[in-house]
Each structure stands twice: as C-alpha cells, then as structure tokens.
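Trainee: Next up, upload-v6.cif (mmCIF, C-alpha atoms and all ligand atoms).
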```cif
data_final
loop_
_atom_site.label_atom_id
_atom_site.label_comp_id
_atom_site.auth_asym_id
_atom_site.auth_seq_id
_atom_site.Cartn_x
_atom_site.Cartn_y
_atom_site.Cartn_z
CA THR A 12 19.95 -73.43 41.19
CA LEU A 13 16.46 -72.83 42.40
CA ASP A 14 16.24 -69.85 40.08
CA ASN A 15 17.19 -71.98 37.03
CA LYS A 16 14.60 -74.52 38.01
CA PHE A 17 12.13 -71.72 38.31
CA ALA A 18 13.05 -70.47 34.84
CA GLU A 19 12.63 -73.98 33.42
CA ASN A 20 9.21 -74.08 34.95
CA GLY A 21 8.16 -71.26 32.72
CA PHE A 22 8.88 -68.02 34.56
CA GLY A 23 8.15 -65.10 32.30
CA LYS A 24 6.19 -67.17 29.83
CA GLN A 25 2.59 -66.35 29.21
CA LEU A 26 0.43 -68.90 30.97
CA LYS A 27 -1.63 -70.80 28.50
CA PRO A 28 -5.31 -70.29 29.22
CA SER A 29 -6.68 -73.72 29.90
CA SER A 30 -10.09 -74.67 28.69
CA LYS A 31 -10.63 -75.90 32.25
CA LEU A 32 -10.50 -72.34 33.76
CA THR A 33 -13.97 -71.59 35.02
CA THR A 34 -15.68 -68.96 37.13
CA TYR A 35 -18.99 -69.00 38.95
CA ASP A 36 -20.59 -66.89 36.26
CA ASP A 37 -19.21 -69.11 33.51
CA VAL A 38 -21.85 -70.33 31.15
CA ALA A 39 -19.56 -72.81 29.42
CA GLU A 40 -21.15 -76.12 28.72
CA ASN A 41 -18.60 -77.98 30.84
CA TYR A 42 -19.08 -75.71 33.89
CA ASP A 43 -19.08 -77.91 36.95
CA GLY A 44 -19.52 -75.36 39.75
CA GLN A 45 -15.79 -75.18 40.63
CA TYR A 46 -13.91 -71.88 40.34
CA ARG A 47 -10.53 -72.83 38.79
CA PHE A 48 -7.59 -70.41 38.57
CA ALA A 49 -4.63 -70.49 36.23
CA PRO A 50 -1.63 -71.81 38.18
CA ILE A 51 0.97 -69.39 39.56
CA GLN A 52 4.28 -69.45 41.38
CA GLU A 53 4.74 -67.14 44.38
CA ALA A 54 7.96 -65.70 42.91
CA GLN A 55 6.09 -64.70 39.77
CA VAL A 56 3.83 -62.49 41.87
CA SER A 57 6.83 -60.89 43.61
CA ARG A 58 8.68 -60.34 40.35
CA ALA A 59 5.61 -58.98 38.58
CA MET A 60 5.48 -56.17 41.14
CA ILE A 61 9.19 -55.58 41.79
CA LYS A 62 10.16 -55.41 38.12
CA ARG A 63 7.51 -52.84 37.25
CA TYR A 64 7.83 -50.76 40.40
CA PHE A 65 11.59 -50.37 40.29
CA GLU A 66 11.69 -49.88 36.53
CA THR A 67 9.20 -47.06 37.10
CA MET A 68 11.32 -45.57 39.91
CA TYR A 69 14.37 -45.76 37.64
CA GLU A 70 12.58 -44.11 34.74
CA ARG A 71 10.90 -41.42 36.87
CA ALA A 72 14.10 -40.38 38.70
CA VAL A 73 13.90 -37.70 36.01
CA SER A 74 10.34 -36.48 35.43
CA ASP A 75 8.82 -33.50 33.62
CA VAL A 76 6.45 -32.57 36.43
CA VAL A 77 6.19 -33.90 39.98
CA ILE A 78 2.87 -33.30 41.72
CA VAL A 79 3.10 -33.55 45.50
CA GLY A 80 -0.19 -34.62 47.09
CA ALA A 81 -3.06 -36.51 45.44
CA GLY A 82 -5.96 -34.58 46.97
CA SER A 83 -8.64 -32.87 44.88
CA ALA A 84 -6.27 -30.06 43.77
CA GLY A 85 -3.31 -32.33 42.93
CA LEU A 86 -5.44 -34.88 41.06
CA THR A 87 -7.27 -32.21 39.06
CA CYS A 88 -3.91 -30.74 38.09
CA ALA A 89 -2.65 -34.20 37.06
CA TYR A 90 -5.74 -34.84 34.94
CA HIS A 91 -5.56 -31.53 33.11
CA LEU A 92 -1.82 -31.68 32.58
CA ALA A 93 -1.68 -35.31 31.49
CA SER A 94 -4.62 -35.04 29.10
CA THR A 95 -3.35 -31.77 27.57
CA ARG A 96 0.22 -32.98 27.17
CA PRO A 97 0.45 -36.76 26.78
CA ASP A 98 4.17 -36.34 26.03
CA LEU A 99 5.00 -35.23 29.58
CA LYS A 100 6.17 -37.62 32.30
CA ILE A 101 3.96 -36.69 35.24
CA THR A 102 4.80 -38.26 38.58
CA ILE A 103 2.47 -37.94 41.57
CA ILE A 104 3.87 -38.49 45.05
CA GLU A 105 1.28 -39.17 47.75
CA ALA A 106 2.22 -39.67 51.39
CA ASN A 107 -0.86 -41.67 52.29
CA VAL A 108 -1.59 -45.26 51.30
CA ALA A 109 -4.99 -44.06 50.03
CA PRO A 110 -4.79 -41.22 47.51
CA GLY A 111 -7.62 -38.66 47.47
CA GLY A 112 -6.77 -36.44 50.45
CA GLY A 113 -9.89 -34.97 52.06
CA ALA A 114 -12.13 -35.55 49.05
CA TRP A 115 -13.66 -38.86 50.12
CA LEU A 116 -16.30 -36.96 52.08
CA GLY A 117 -18.13 -33.72 51.38
CA GLY A 118 -17.80 -32.17 54.82
CA GLN A 119 -17.76 -33.40 58.43
CA LEU A 120 -18.58 -37.10 57.91
CA MET A 121 -21.25 -36.44 55.28
CA THR A 122 -21.04 -37.94 51.83
CA PRO A 123 -22.62 -35.43 49.37
CA MET A 124 -20.13 -33.04 47.77
CA VAL A 125 -20.92 -29.41 46.89
CA ILE A 126 -19.20 -27.78 43.91
CA ARG A 127 -19.90 -24.17 42.95
CA LYS A 128 -20.39 -23.21 39.33
CA PRO A 129 -18.59 -22.92 36.98
CA ALA A 130 -16.32 -25.70 38.34
CA ASN A 131 -19.09 -28.19 37.49
CA ARG A 132 -17.74 -28.08 33.91
CA PHE A 133 -14.86 -30.23 35.11
CA LEU A 134 -17.39 -32.82 36.38
CA GLN A 135 -18.83 -32.94 32.86
CA THR A 136 -15.34 -33.41 31.43
CA ILE A 137 -14.55 -36.42 33.63
CA GLY A 138 -18.11 -37.79 33.55
CA VAL A 139 -19.37 -37.35 37.11
CA PRO A 140 -23.16 -36.88 37.37
CA TYR A 141 -24.62 -34.27 39.69
CA GLU A 142 -27.81 -32.55 40.80
CA ASP A 143 -28.06 -28.97 39.57
CA GLU A 144 -29.08 -26.55 42.32
CA GLY A 145 -28.61 -23.34 40.33
CA ALA A 146 -25.49 -21.64 41.67
CA TYR A 147 -23.93 -24.92 42.71
CA VAL A 148 -24.18 -28.64 42.03
CA VAL A 149 -24.19 -31.65 44.35
CA VAL A 150 -22.46 -34.95 43.61
CA LYS A 151 -24.28 -37.73 45.44
CA HIS A 152 -21.08 -39.04 47.09
CA ALA A 153 -17.68 -37.34 47.26
CA ALA A 154 -16.13 -40.76 46.66
CA LEU A 155 -17.80 -40.85 43.22
CA PHE A 156 -15.88 -37.69 42.31
CA THR A 157 -12.59 -38.87 43.78
CA SER A 158 -12.71 -42.43 42.49
CA THR A 159 -13.69 -41.28 38.98
CA LEU A 160 -10.94 -38.65 38.90
CA LEU A 161 -8.39 -41.12 40.27
CA SER A 162 -9.28 -43.77 37.72
CA ARG A 163 -9.14 -41.27 34.84
CA VAL A 164 -5.73 -40.01 36.02
CA LEU A 165 -4.22 -43.44 36.64
CA ALA A 166 -5.44 -44.77 33.29
CA MET A 167 -3.33 -42.19 31.45
CA PRO A 168 -0.09 -43.80 30.24
CA ASN A 169 2.05 -40.75 31.05
CA VAL A 170 1.02 -40.65 34.73
CA VAL A 171 2.75 -42.55 37.51
CA MET A 172 1.61 -42.40 41.12
CA MET A 173 3.76 -43.46 44.02
CA ASN A 174 1.67 -43.61 47.15
CA ALA A 175 2.82 -44.43 50.69
CA THR A 176 5.72 -42.18 49.66
CA ALA A 177 6.36 -38.79 51.24
CA VAL A 178 8.16 -35.77 49.89
CA GLU A 179 10.40 -34.93 52.82
CA ASP A 180 12.50 -32.19 51.24
CA LEU A 181 12.94 -30.18 48.06
CA ILE A 182 15.96 -30.16 45.75
CA ILE A 183 17.04 -26.50 45.57
CA HIS A 184 19.75 -25.45 43.13
CA GLU A 185 21.46 -22.10 42.77
CA ASP A 186 22.05 -20.56 39.35
CA HIS A 187 25.00 -18.37 38.27
CA ALA A 188 23.25 -15.25 39.55
CA GLY A 189 22.74 -16.86 42.96
CA GLN A 190 19.02 -17.33 42.39
CA GLN A 191 17.52 -20.34 44.16
CA ARG A 192 15.39 -22.69 42.08
CA VAL A 193 13.40 -25.77 43.07
CA ALA A 194 14.77 -28.56 40.88
CA GLY A 195 12.96 -31.62 42.21
CA VAL A 196 11.83 -33.47 45.32
CA VAL A 197 13.40 -35.64 47.98
CA THR A 198 11.33 -38.72 48.78
CA ASN A 199 11.12 -41.51 51.27
CA TRP A 200 8.67 -44.24 52.15
CA THR A 201 6.18 -42.44 54.41
CA LEU A 202 6.76 -44.98 57.18
CA VAL A 203 10.45 -44.11 57.07
CA ALA A 204 9.79 -40.35 56.90
CA LEU A 205 7.64 -40.66 60.04
CA ASN A 206 10.43 -42.43 61.92
CA HIS A 207 13.41 -40.14 61.50
CA ASP A 208 13.25 -39.31 65.21
CA THR A 209 13.67 -42.91 66.28
CA GLN A 210 16.02 -44.33 63.61
CA SER A 211 19.23 -42.67 62.53
CA CYS A 212 20.46 -42.08 59.01
CA MET A 213 17.70 -43.39 56.77
CA ASP A 214 18.66 -41.44 53.70
CA PRO A 215 16.04 -40.49 51.14
CA ASN A 216 15.83 -40.69 47.36
CA THR A 217 15.39 -37.96 44.74
CA ILE A 218 13.34 -37.11 41.66
CA THR A 219 14.71 -34.35 39.45
CA CYS A 220 12.28 -32.25 37.41
CA PRO A 221 11.97 -28.72 36.01
CA VAL A 222 8.59 -28.11 37.70
CA VAL A 223 7.13 -29.22 41.03
CA VAL A 224 3.44 -28.66 41.78
CA SER A 225 2.88 -28.73 45.52
CA ALA A 226 -0.70 -29.47 46.63
CA THR A 227 -0.23 -30.87 50.12
CA GLY A 228 -3.27 -29.25 51.76
CA HIS A 229 -3.46 -27.04 54.82
CA ASP A 230 -1.27 -27.54 57.84
CA GLY A 231 -1.34 -30.94 59.53
CA PRO A 232 1.09 -33.76 60.31
CA MET A 233 2.34 -33.59 56.70
CA GLY A 234 0.26 -30.80 55.15
CA ALA A 235 1.52 -27.45 53.86
CA PHE A 236 4.81 -29.25 53.38
CA SER A 237 6.46 -27.07 50.74
CA ALA A 238 5.18 -23.80 52.22
CA LYS A 239 6.82 -24.71 55.55
CA ARG A 240 10.01 -25.88 53.85
CA LEU A 241 10.27 -22.63 51.89
CA VAL A 242 10.25 -20.78 55.21
CA SER A 243 12.90 -22.99 56.81
CA ALA A 244 15.02 -22.81 53.63
CA GLY A 245 14.92 -19.01 53.73
CA LEU A 246 12.92 -18.68 50.48
CA LEU A 247 9.77 -17.38 52.19
CA LYS A 248 9.91 -14.94 55.09
CA GLU A 249 7.04 -16.46 57.03
CA LEU A 250 3.88 -18.50 56.60
CA GLY A 251 0.79 -16.43 55.86
CA ASN A 252 -1.29 -18.96 57.87
CA MET A 253 -4.74 -20.03 56.78
CA ARG A 254 -7.46 -17.54 57.74
CA GLY A 255 -11.04 -18.17 58.92
CA LEU A 256 -13.78 -19.61 56.76
CA ASP A 257 -15.30 -17.38 54.07
CA MET A 258 -16.54 -19.29 51.02
CA ASN A 259 -17.02 -16.24 48.81
CA ARG A 260 -13.58 -14.79 49.48
CA SER A 261 -11.56 -17.98 49.62
CA GLU A 262 -12.42 -19.93 46.46
CA PRO A 263 -11.60 -17.19 43.92
CA ALA A 264 -8.55 -16.18 46.00
CA ILE A 265 -7.11 -19.69 45.94
CA VAL A 266 -7.73 -20.12 42.21
CA ASN A 267 -6.49 -16.69 41.16
CA ASN A 268 -3.36 -16.91 43.32
CA THR A 269 -2.35 -20.38 42.19
CA ARG A 270 1.09 -19.63 40.77
CA GLU A 271 4.81 -20.28 40.74
CA VAL A 272 5.52 -19.11 44.29
CA THR A 273 9.24 -19.60 43.96
CA PRO A 274 11.15 -20.47 40.77
CA GLY A 275 10.38 -24.09 39.85
CA LEU A 276 7.60 -24.52 42.46
CA ILE A 277 3.90 -24.02 41.75
CA MET A 278 1.55 -24.12 44.70
CA ALA A 279 -2.10 -25.22 44.46
CA GLY A 280 -5.09 -25.99 46.66
CA MET A 281 -5.28 -25.34 50.37
CA GLU A 282 -1.53 -25.30 50.82
CA LEU A 283 -1.71 -21.88 49.21
CA SER A 284 -3.95 -20.60 52.04
CA GLU A 285 -1.06 -21.31 54.43
CA HIS A 286 1.53 -19.75 52.11
CA ASP A 287 -0.43 -16.58 51.37
CA GLY A 288 -2.65 -16.20 54.45
CA LYS A 289 -5.95 -16.76 52.63
CA ASN A 290 -9.31 -17.82 53.99
CA ARG A 291 -10.50 -21.40 54.00
CA MET A 292 -13.73 -22.36 52.24
CA GLY A 293 -14.78 -25.44 54.18
CA PRO A 294 -16.77 -28.07 52.27
CA THR A 295 -17.00 -26.59 48.78
CA PHE A 296 -14.65 -28.07 46.21
CA GLY A 297 -14.87 -25.78 43.16
CA GLY A 298 -11.81 -23.84 44.33
CA MET A 299 -9.72 -27.03 44.42
CA ILE A 300 -10.79 -27.90 40.88
CA GLY A 301 -10.08 -24.37 39.60
CA SER A 302 -6.73 -24.27 41.39
CA GLY A 303 -5.70 -27.67 40.00
CA ILE A 304 -6.47 -26.55 36.44
CA LYS A 305 -4.66 -23.23 36.94
CA ALA A 306 -1.64 -25.09 38.35
CA ALA A 307 -1.55 -27.23 35.20
CA HIS A 308 -1.53 -24.07 33.03
CA GLU A 309 1.22 -22.60 35.21
CA ALA A 310 3.29 -25.78 34.90
CA LEU A 311 3.02 -25.62 31.11
CA ARG A 312 3.99 -21.96 31.13
CA VAL A 313 7.11 -22.73 33.18
CA LEU A 314 8.00 -25.73 31.00
CA ASP A 315 7.62 -23.70 27.82
CA SER A 316 9.53 -20.67 29.12
O1 LIG B 401 -1.68 -37.07 52.18
C1 LIG B 401 -1.84 -35.72 51.74
C2 LIG B 401 -3.12 -35.52 50.94
O2 LIG B 401 -3.51 -36.68 50.23
C3 LIG B 401 -0.78 -35.33 50.72
N1 LIG B 401 0.49 -34.89 51.32
C4 LIG B 401 0.66 -34.01 52.34
N2 LIG B 401 1.97 -33.84 52.60
C5 LIG B 401 2.65 -34.61 51.73
C6 LIG B 401 4.03 -34.86 51.50
N3 LIG B 401 4.37 -35.75 50.52
C7 LIG B 401 3.41 -36.34 49.76
N4 LIG B 401 4.98 -34.27 52.21
C8 LIG B 401 1.71 -35.30 50.90
N5 LIG B 401 2.08 -36.14 49.95
O3 LIG B 401 -1.35 -34.21 50.07
C9 LIG B 401 -2.75 -34.43 49.93
C10 LIG B 401 -3.46 -33.10 50.19
O4 LIG B 401 -4.82 -33.29 49.92
P1 LIG B 401 -5.94 -32.40 50.63
O5 LIG B 401 -7.26 -32.96 50.24
O6 LIG B 401 -5.64 -32.25 52.08
O7 LIG B 401 -5.65 -30.94 49.99
P2 LIG B 401 -6.30 -30.15 48.77
O8 LIG B 401 -5.70 -28.81 48.81
O9 LIG B 401 -6.20 -30.95 47.50
O10 LIG B 401 -7.83 -30.09 49.16
C11 LIG B 401 -8.24 -29.38 50.29
C12 LIG B 401 -9.71 -29.63 50.52
C13 LIG B 401 -10.30 -28.63 51.45
S1 LIG B 401 -9.67 -28.35 52.98
C14 LIG B 401 -10.87 -27.17 53.29
C15 LIG B 401 -10.92 -26.44 54.57
O11 LIG B 401 -10.24 -26.89 55.51
O12 LIG B 401 -11.61 -25.41 54.64
N6 LIG B 401 -11.70 -27.03 52.27
C16 LIG B 401 -11.40 -27.84 51.23
C17 LIG B 401 -12.21 -27.88 49.97
#
```
Represent the structure of the file as structure tokens.
Mentor:
Amino acid sequence: TLDNKFAENGFGKQLKPSSKLTTYDDVAENYDGQYRFAPIQEAQVSRAMIKRYFETMYERAVSDVVIVGAGSAGLTCAYHLASTRPDLKITIIEANVAPGGGAWLGGQLMTPMVIRKPANRFLQTIGVPYEDEGAYVVVKHAALFTSTLLSRVLAMPNVVMMNATAVEDLIIHEDHAGQQRVAGVVTNWTLVALNHDTQSCMDPNTITCPVVVSATGHDGPMGAFSAKRLVSAGLLKELGNMRGLDMNRSEPAIVNNTREVTPGLIMAGMELSEHDGKNRMGPTFGGMIGSGIKAAHEALRVLDS
C-alpha cells in the first residue's frame, strides 16, 4: 500500500542531518550561497501535527484545571498556577485564533500599557521591562507584555492551550444533596460554535475537571460566557452588568472579588464585572494581573479542599 511504501521511505525515523544542509548565515567552509533544507514528505507534516494534537485532546479530556479565555487575566492565572504547581494538568481554551484577548494594545489603538503598582511585581517575575512613573509603570508596548507572558506560559510542560476552540457550555453535575457543581466545560471549534444557527446537530466535545477558571472578558460576541450561562442555567439570578469606568473603584473590586462564584467555577478578570455589577477600569491592567493571581490561589484552595 501507499502507507507501507511511505513507512519504507523512513516515516517516523529521525532525518539524518546532511553535511550539505546550509543556511544563508552559514559560515561553513563549503557554503555556496544556496539555502538547502532537509527533505520532507507532506504526510510527515500532517502526521506530526495530528498525532500530537489528538494525543493532547485525549489526555486532556480529564484535566486538573481548565482556564477559559487567554486574555491578560486568564494567562496570568495560568502562569501562576502552572509555575506554583507543575504537577497539575492545566488546559487553556481560547475561542480566538490569536490568544491574548484585549492585551495587545494599551488602550484605544495605542501601544503603551499602563500597570498600577503593586502589580508591576508580576512584570519583574516574568521579565518585562518598564518605565517607573511612581504610582504606576508603563510597558513600552502591550504586545511585549502579552507575548512574554504567552511564551512563558506555553513553555511550561504542564500547560496545554487549545485556541480557535470555544467553550460553548458548562458541564454541571448535581450531588446527593441536590447541589449543582460545575464539573468541566463543553467545547467546539469556534467556527462550529459560531454556526449553530445555520447547521444542525454539530455536537460538541467535553473536558472534565474539578475546577474551571472563567476569564472570558466583559460582554461581547463571546465574552462573559460563563456569567451568562450561569443565569440561563438558573445558578445566578441575573447579571450584575458592568458599570461605568472608575479606575480607583474597579481594580481593587475585581481583584478582591475574584472567587469561586458557584461550586467548581472561579471567575476572574472583566467577566466578573458583568457577574457582580462592578465598574470597568479602562486601559489599566494591574487589576487583570491581580485577579489572575487570585484566581490561581482560589483554584488551589478548591483543589486542596
Ligand atoms: O477570545 C476571548 C479573549 O481572548 C476569550 N473568550 C471569550 N469567550 C470565550 C469562550 N470560550 C473560549 N466562550 C473565550 N474563550 O476570552 C478572552 C478574554 O480576554 P479579555 O482580554 O477580553 O478579558 P480579560 O478579563 O482578561 O481582560 C480585560 C481587559 C480590560 S477590558 C477593560 C474595560 O473594558 O474597561 N479594561 C481592561 C483592563
């Protein structure tokens, strides 16, 4: 068969580096100005991705913590949790192709990012330089914060991120006493989740876990997902709805109220403003950092209880 032939041709075997492989910056004596790649078969590329991706899906169908939303709050939570407890299987589900949420820009379409003290300590931890302005610090480009945080999080062996994947429901179990408990998430490719109105019966998938951290941001096409679902599932009477902008009220309120809002579900970041009816802060990101760290502590408390 074709597949046997493929196997005979060395599928799965390590390609032998040839002395003829050269790059433009090669200083080898025999460099002749030609960039030469190691040979590859198209199926090897497909299998390299498929094998790893689906093995990961299989393994993470049961996770220790699922973080929904890879914005500044969700990523900070992932960093703190994964670095504190390398034994935990932490799975991040992000609806967008590009993780990072709103933290690629500081505010409006401007690049510098403002972070109030003492949240700058987290920048020191992950190694992001900043200008010190006294009460607050400024990172020269929000993307420096987000890309650094993302790379630190993704480099940790216990973290998996599935992007272009939406959480479209929660798993909710009932215990003997009739108490409802969030016991995982229901996922789908985001492109599928966005098309339920036009295609029938595209069933989702599940990830079971003892703790979900929801950090899906304020209301939007997908935002405030869990807060809205708690209302429609009868676990929250009504949405508090995000209130007007007040930097001094909102940042401590979001951090201090980051908590297990319903058994098994911790809420962090701006999603909490919709759940609780708290003010927004606009373009200052210390509250998201503080909330992410608090959510990590809350997740550990729930896991250890
Ligand atoms: O794509 C969303 C984004 O990356 C993702 N997300 C939303 N719904 C999802 C779902 N499944 C999977 N159902 C989902 N992923 O969640 C991420 C939220 O990131 P964000 O940056 O919007 O939220 P945050 O709370 O981390 O940061 C908020 C930043 C803000 S908003 C604000 C204001 O409006 O005043 N101020 C600040 C600092």
Trainee: Taking (6.6, -37.3, 40.6) in the file's coordinates, which residues come within 9 Å, counting only C-alpha atoms, written as a PyMOL selection string?
Mentor: chain A and resi 71-79+100-104+170-173+195-196+218-220+223
Trainee: Chain A near ligand LIG 401 (chain B) within 6 Å: what's each residue's closest atom pair and its distance in Å to one decimal, counting all atoms listed in the file, ordered by chain then ascending residue number, as a tab-separated table?
Mentor:
```
residue	atom	partner	partner_atom	distance
A:Val79	CA	B:LIG401	C7	5.1
A:Gly80	CA	B:LIG401	O3	3.2
A:Ala81	CA	B:LIG401	O2	4.8
A:Gly82	CA	B:LIG401	O4	3.4
A:Ser83	CA	B:LIG401	O9	4.1
A:Ala84	CA	B:LIG401	O9	3.8
A:Gly85	CA	B:LIG401	O9	5.6
A:Ile104	CA	B:LIG401	C7	5.2
A:Glu105	CA	B:LIG401	N5	3.8
A:Ala106	CA	B:LIG401	N5	3.8
A:Asn107	CA	B:LIG401	O1	4.7
A:Pro110	CA	B:LIG401	O2	5.4
A:Gly111	CA	B:LIG401	O2	5.3
A:Gly112	CA	B:LIG401	O2	3.3
A:Gly113	CA	B:LIG401	O5	3.8
A:Ala114	CA	B:LIG401	O5	5.6
A:Ala177	CA	B:LIG401	N3	3.7
A:Val178	CA	B:LIG401	N3	3.8
A:Glu179	CA	B:LIG401	N4	5.5
A:Ala226	CA	B:LIG401	O8	5.5
A:Thr227	CA	B:LIG401	O3	3.5
A:Gly228	CA	B:LIG401	O7	3.4
A:Met233	CA	B:LIG401	N2	4.1
A:Gly234	CA	B:LIG401	C4	4.3
A:Phe236	CA	B:LIG401	N4	5.2
A:Gly280	CA	B:LIG401	O8	3.6
A:Met281	CA	B:LIG401	O8	3.8
A:Glu282	CA	B:LIG401	O8	5.8
A:Arg291	CA	B:LIG401	O12	4.2
A:Met292	CA	B:LIG401	O12	4.4
A:Gly293	CA	B:LIG401	O12	3.2
A:Pro294	CA	B:LIG401	C17	5.1
A:Thr295	CA	B:LIG401	C17	5.1
A:Phe296	CA	B:LIG401	C17	4.5
A:Met299	CA	B:LIG401	O10	6.0
```
Trainee: One number please: CA of Asn206 in chain A to CA of Ile182 in chain A, in Å, one decimal.
Mentor: 21.0 Å
Trainee: Compile the contact shell of Lys248 in chain A as a list in words: residues with an atom at most 12 Å away, counting all atoms listed in the file, same-chain residues fewer than 4 positions apart removed.
Mentor: Ala238, Lys239, Arg240, Leu241, Val242, Ser243, Ala244, His286 and Asp287 of chain A
Trainee: In Å, with one decimal, what is the gap from CA of Leu246 in chain A to CA of Thr176 in chain A?
Mentor: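 Those two atoms sit 24.6 Å apart.
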Trainee: Please report the interatomic distance between CA of Gln135 in chain A and CA of Leu116 in chain A in Å with one decimal.
Mentor: 19.8 Å
Trainee: Which residues, written as number ranges by chain, have at least one atom at most 9 Å from Ile277 in chain A, with all atoms listed in the file counted and residues fewer than 2 positions away on the same chain left out?
Mentor: A: 222-226, 269-275, 279, 306, 309-310
Trainee: Would you mind telling me which residue in A:Gly138, A:Gly255, A:Pro129, A:Pro168 lies nearest to Gly298 in chain A when using only C-alpha atoms?
Mentor: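 Checking each of A:Gly138, A:Gly255, A:Pro129, A:Pro168 against Gly298 in chain A, counting only C-alpha atoms, the winner is A:Pro129.
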Trainee: For a quick check of understanding, using all atoms listed in the file, which of A:Val150, A:Ala54, A:Val164, A:Leu256 has the smallest distance to Leu92 in chain A?
Mentor: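 Smallest separation from Leu92 in chain A among the options: A:Val164.
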Trainee: Counting all atoms listed in the file, note down every residue that has an atom within 9 Å of the point (0.6, -42.8, 27.9) (file coordinates), as a VMD selection string.
Mentor: chain A and resid 93 97 to 100 166 to 170
Trainee: Specify the axis-aligned box that encloses all atoms of range 82-99 of chain A listed in the file after padding of 3 Å on each side, stating its centre and edge lengths in Å to one decimal as AutoDock Vina command-line options.
Mentor:
```
--center_x -1.8 --center_y -33.4 --center_z 36.5 --size_x 19.6 --size_y 12.7 --size_z 26.9
```
Trainee: So, counting all atoms listed in the file, which residue among A:Leu181, A:Ala235, A:Val56, A:Met124 is closest to Pro140 in chain A?
Mentor: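 Closest to Pro140 in chain A, using all atoms listed in the file: A:Met124.
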Trainee: Please reconstruct the missing atoms of range 176-187 of chain A (target: N, CA and C atoms) and return them as a short mmCIF file (atom, residue, chain, number, x, y, z; two decimals), in the coordinates of the input.
Mentor:
```cif
data_model
loop_
_atom_site.label_atom_id
_atom_site.label_comp_id
_atom_site.auth_asym_id
_atom_site.auth_seq_id
_atom_site.Cartn_x
_atom_site.Cartn_y
_atom_site.Cartn_z
N THR A 176 4.41 -42.81 49.86
CA THR A 176 5.72 -42.18 49.66
C THR A 176 5.59 -40.69 49.97
N ALA A 177 6.47 -40.20 50.83
CA ALA A 177 6.36 -38.79 51.24
C ALA A 177 7.46 -37.96 50.60
N VAL A 178 7.11 -36.73 50.24
CA VAL A 178 8.16 -35.77 49.89
C VAL A 178 8.65 -35.19 51.21
N GLU A 179 9.92 -35.42 51.53
CA GLU A 179 10.40 -34.93 52.82
C GLU A 179 11.40 -33.80 52.68
N ASP A 180 11.70 -33.40 51.45
CA ASP A 180 12.50 -32.19 51.24
C ASP A 180 12.38 -31.80 49.76
N LEU A 181 12.92 -30.64 49.45
CA LEU A 181 12.94 -30.18 48.06
C LEU A 181 14.39 -30.14 47.60
N ILE A 182 14.63 -30.41 46.32
CA ILE A 182 15.96 -30.16 45.75
C ILE A 182 15.98 -28.67 45.39
N ILE A 183 16.97 -27.94 45.87
CA ILE A 183 17.04 -26.50 45.57
C ILE A 183 18.43 -26.20 45.03
N HIS A 184 18.47 -25.80 43.78
CA HIS A 184 19.75 -25.45 43.13
C HIS A 184 19.92 -23.94 43.10
N GLU A 185 21.17 -23.53 42.88
CA GLU A 185 21.46 -22.10 42.77
C GLU A 185 22.02 -21.85 41.37
N ASP A 186 21.49 -20.84 40.68
CA ASP A 186 22.05 -20.56 39.35
C ASP A 186 23.23 -19.59 39.46
N HIS A 187 23.79 -19.21 38.29
CA HIS A 187 25.00 -18.37 38.27
C HIS A 187 24.77 -17.06 39.00
#
```
